[in-house]
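Step one of this worksheet: look at the structure below.
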Amino acid sequence: MQRYARYQGAIVREHQILLIKHTHHDTGRSYWLVPGGGIEPGESEEACVAREMWEETTLQVRVERLLLDEPAEPGGIYQRRKTYLCAVEAGEARPGYEPEVEAAAVYGITDVAWFDLREPGAWPPELQNERITGPLLQRLRLALGYTSAPVTQEGPARW
């Protein structure tokens with residue numbers, strides 16, 4: 001089943017972004033990604049992002065603004081990926097759940113972790129080399145004002 005867009009949240013706190021880890025039940029293969037998913041009928045994009053963040057990370061977030069609206073990978077479930085900047089309002093990040101029965105049968109959310117946007121070289125190799133999340137994080141860094149250029153006295157752009 002193909003869907004139009006995946007609505008995902010870049011939860012940023014103190015220069016760090018929160019990612020979730022999916023682990024496949026049958027193979028044990030795992031990978032990091034930005035939390036998100038599909039929109040429900042009658043739901044706004046912002047409400048979808050807030051709901052997905054709660055389901056997958058147990059955090060209540062404030063959805064601030066759209067950061068990226070990009071085409072998704074060819075042949076995937078989604079045609080577009082919309083990434084919103086989110087700020088934590090309440091809760092502690094921990095692995096949530098996958099509410100879609102078909103997806104939950106394939107993988108589980110097994111971990112959450114914060115990754116420093118200022119130090120991509122410190123990210124684990126599996127994240128740096130991941131074909132979807134690694135490049136997405138670089139685009140998010142640029143959208144948030146983190147670049148490889150020298151930082152001025154004012155620091156990176158504020159979000």
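Identifiers in this document derive from the order of the structure tokens: chains are assigned A, B, ..., residues are numbered from 1 separately in each chain, and ligands are numbered from 1 in order of occurrence.
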Discussion item. Would you pick out the contacts of segment 125-130 of chain A at 10 Å or less, using only C-alpha atoms, so that residues sharing its chain but fewer than 6 positions from it are not included, and give the list as an NGL selection string?
Written reply: :A and (30-33 or 115 or 136-138)
Please write the residues from the selection above to a file, keeping N, CA and C atoms, as a PDB file, in the first residue's frame.
```
ATOM      1  N   SER A  30      18.870  -3.939  12.620  1.00  0.00           N
ATOM      2  CA  SER A  30      18.340  -2.712  13.212  1.00  0.00           C
ATOM      3  C   SER A  30      18.932  -1.494  12.524  1.00  0.00           C
ATOM      4  N   TYR A  31      18.237  -0.375  12.677  1.00  0.00           N
ATOM      5  CA  TYR A  31      18.658   0.882  12.071  1.00  0.00           C
ATOM      6  C   TYR A  31      17.988   2.030  12.825  1.00  0.00           C
ATOM      7  N   TRP A  32      18.625   3.186  12.774  1.00  0.00           N
ATOM      8  CA  TRP A  32      18.123   4.400  13.429  1.00  0.00           C
ATOM      9  C   TRP A  32      17.318   5.212  12.422  1.00  0.00           C
ATOM     10  N   LEU A  33      16.283   5.871  12.902  1.00  0.00           N
ATOM     11  CA  LEU A  33      15.538   6.777  12.044  1.00  0.00           C
ATOM     12  C   LEU A  33      14.811   7.830  12.855  1.00  0.00           C
ATOM     13  N   PHE A 115      21.488  12.307  19.471  1.00  0.00           N
ATOM     14  CA  PHE A 115      22.708  12.437  18.689  1.00  0.00           C
ATOM     15  C   PHE A 115      23.020  13.918  18.503  1.00  0.00           C
ATOM     16  N   LEU A 136      19.622  12.249   5.580  1.00  0.00           N
ATOM     17  CA  LEU A 136      18.558  13.092   6.128  1.00  0.00           C
ATOM     18  C   LEU A 136      19.091  13.951   7.268  1.00  0.00           C
ATOM     19  N   LEU A 137      19.898  13.365   8.136  1.00  0.00           N
ATOM     20  CA  LEU A 137      20.457  14.139   9.247  1.00  0.00           C
ATOM     21  C   LEU A 137      21.343  15.271   8.737  1.00  0.00           C
ATOM     22  N   GLN A 138      22.087  15.039   7.668  1.00  0.00           N
ATOM     23  CA  GLN A 138      22.910  16.111   7.106  1.00  0.00           C
ATOM     24  C   GLN A 138      22.032  17.243   6.561  1.00  0.00           C
TER      25      GLN A 138
END
```
Please provide as a compact mmCIF listing (two decimals) with N, CA and C atoms, in the first residue's frame all residues within 7 Å of segment 54-60 of chain A, with the sequence filter that same-chain residues fewer than 2 positions apart are discarded (counting only C-alpha atoms).
```
# COMPACT_ATOMS: atom_id res chain seq x y z
N PRO A 35 11.59 9.56 14.14
CA PRO A 35 10.25 9.02 14.36
C PRO A 35 9.21 9.67 13.45
N ALA A 50 2.67 15.19 16.22
CA ALA A 50 2.62 15.11 17.68
C ALA A 50 2.19 13.72 18.14
N ARG A 51 1.20 13.13 17.49
CA ARG A 51 0.74 11.79 17.85
C ARG A 51 1.84 10.75 17.61
N GLU A 52 2.48 10.83 16.45
CA GLU A 52 3.55 9.88 16.14
C GLU A 52 4.70 9.98 17.14
N VAL A 88 10.49 19.32 22.98
CA VAL A 88 9.92 18.51 24.05
C VAL A 88 9.14 19.42 25.00
N GLU A 89 7.91 19.02 25.27
CA GLU A 89 7.10 19.73 26.28
C GLU A 89 7.02 18.94 27.57
N ALA A 90 6.97 17.59 27.49
CA ALA A 90 6.87 16.78 28.70
C ALA A 90 7.29 15.35 28.39
N GLY A 91 7.78 14.68 29.42
CA GLY A 91 8.10 13.27 29.32
C GLY A 91 9.59 13.00 29.21
N GLU A 92 9.91 11.71 29.29
CA GLU A 92 11.27 11.23 29.10
C GLU A 92 11.26 10.32 27.89
N ALA A 93 12.22 10.49 27.03
CA ALA A 93 12.28 9.67 25.81
C ALA A 93 12.55 8.22 26.16
N ARG A 94 11.73 7.34 25.61
CA ARG A 94 11.94 5.90 25.73
C ARG A 94 11.25 5.23 24.55
N PRO A 95 11.63 3.99 24.24
CA PRO A 95 10.99 3.32 23.11
C PRO A 95 9.48 3.21 23.29
N GLY A 96 8.77 3.62 22.28
CA GLY A 96 7.32 3.52 22.29
C GLY A 96 6.89 2.26 21.58
N TYR A 97 5.86 2.39 20.76
CA TYR A 97 5.31 1.21 20.09
C TYR A 97 4.91 1.56 18.66
N GLU A 98 4.74 0.53 17.88
CA GLU A 98 4.26 0.66 16.50
C GLU A 98 2.80 0.25 16.51
```
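Each of A:Val34, A:Arg118, A:Tyr84, A:Gly134 was compared to Lys21 of chain A using only C-alpha atoms, and A:Val34 turns out to be the nearest.
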Practice prompt. Name the residues in contact with segment 6-18 of chain A at a cut-off of 10 Å, using only C-alpha atoms, excluding same-chain residues fewer than 2 positions from it; report them as a PyMOL selection string.
Written response: chain A and resi 3-4+20+32-39+45-50+52-53+57+59+61-69+72+77-88+93+112-119+137+140-141+144+146+156+158-159
Write a file of the just-selected residues containing C-alpha atoms, as a CSV table (one decimal), in the first residue's frame.
```csv
chain,number,residue,atom,x,y,z
A,3,ARG,CA,0.8,6.5,1.0
A,4,TYR,CA,1.3,10.1,0.0
A,20,ILE,CA,14.5,5.7,17.4
A,32,TRP,CA,18.1,4.4,13.4
A,33,LEU,CA,15.5,6.8,12.0
A,34,VAL,CA,13.6,9.9,12.7
A,35,PRO,CA,10.2,9.0,14.4
A,36,GLY,CA,7.2,9.4,12.2
A,37,GLY,CA,4.5,7.8,10.2
A,38,GLY,CA,1.2,8.1,8.3
A,39,ILE,CA,-1.6,10.6,8.8
A,45,GLU,CA,-0.1,17.4,9.7
A,46,GLU,CA,0.9,18.9,13.0
A,47,ALA,CA,-1.4,16.7,15.0
A,48,CYS,CA,-0.1,13.7,13.1
A,49,VAL,CA,3.5,14.5,14.0
A,50,ALA,CA,2.6,15.1,17.7
A,52,GLU,CA,3.5,9.9,16.1
A,53,MET,CA,6.1,11.4,18.5
A,57,THR,CA,9.0,8.1,21.9
A,59,LEU,CA,7.3,12.4,24.5
A,61,VAL,CA,6.1,17.7,21.8
A,62,ARG,CA,5.3,21.1,20.4
A,63,VAL,CA,5.4,21.0,16.7
A,64,GLU,CA,7.1,24.3,15.7
A,65,ARG,CA,7.5,24.4,11.9
A,66,LEU,CA,8.1,22.4,8.7
A,67,LEU,CA,11.8,22.0,8.1
A,68,LEU,CA,11.9,19.7,5.0
A,69,ASP,CA,9.4,18.6,2.4
A,72,ALA,CA,10.8,9.9,-0.7
A,77,ILE,CA,5.6,3.1,0.9
A,78,TYR,CA,5.6,6.9,0.9
A,79,GLN,CA,5.9,9.4,-2.0
A,80,ARG,CA,7.0,12.3,0.2
A,81,ARG,CA,8.7,12.9,3.6
A,82,LYS,CA,7.7,16.0,5.6
A,83,THR,CA,10.0,16.7,8.6
A,84,TYR,CA,8.8,19.1,11.3
A,85,LEU,CA,10.9,20.7,14.0
A,86,CYS,CA,9.6,19.6,17.4
A,87,ALA,CA,10.5,20.7,21.0
A,88,VAL,CA,9.9,18.5,24.0
A,93,ALA,CA,12.3,9.7,25.8
A,112,VAL,CA,15.9,5.8,21.5
A,113,ALA,CA,19.0,8.0,21.7
A,114,TRP,CA,20.1,11.6,21.3
A,115,PHE,CA,22.7,12.4,18.7
A,116,ASP,CA,24.7,15.7,18.7
A,117,LEU,CA,24.0,17.8,15.6
A,118,ARG,CA,27.3,19.6,16.1
A,119,GLU,CA,29.4,16.4,15.9
A,137,LEU,CA,20.5,14.1,9.2
A,140,LEU,CA,18.4,18.6,8.8
A,141,ARG,CA,21.8,20.0,10.1
A,144,LEU,CA,18.9,24.1,11.3
A,146,TYR,CA,24.6,23.5,11.5
A,156,PRO,CA,25.1,28.3,14.6
A,158,ARG,CA,19.0,29.4,16.2
A,159,TRP,CA,15.9,27.5,15.6
```
Practice prompt. Per DSSP on the backbone, filter chain A down to the residues in strand (DSSP E or B) and report them as a ChimeraX atom specification.
Written response: /A:3-13,16-24,30-33,36-37,60-71,78-90,107-116
Worksheet item: A:Leu142, A:Ala104, A:Ala5, A:Ala122: which is nearest Asp26 of chain A, counting only C-alpha atoms?
Response: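 Smallest distance to Asp26 of chain A is found for A:Ala104.
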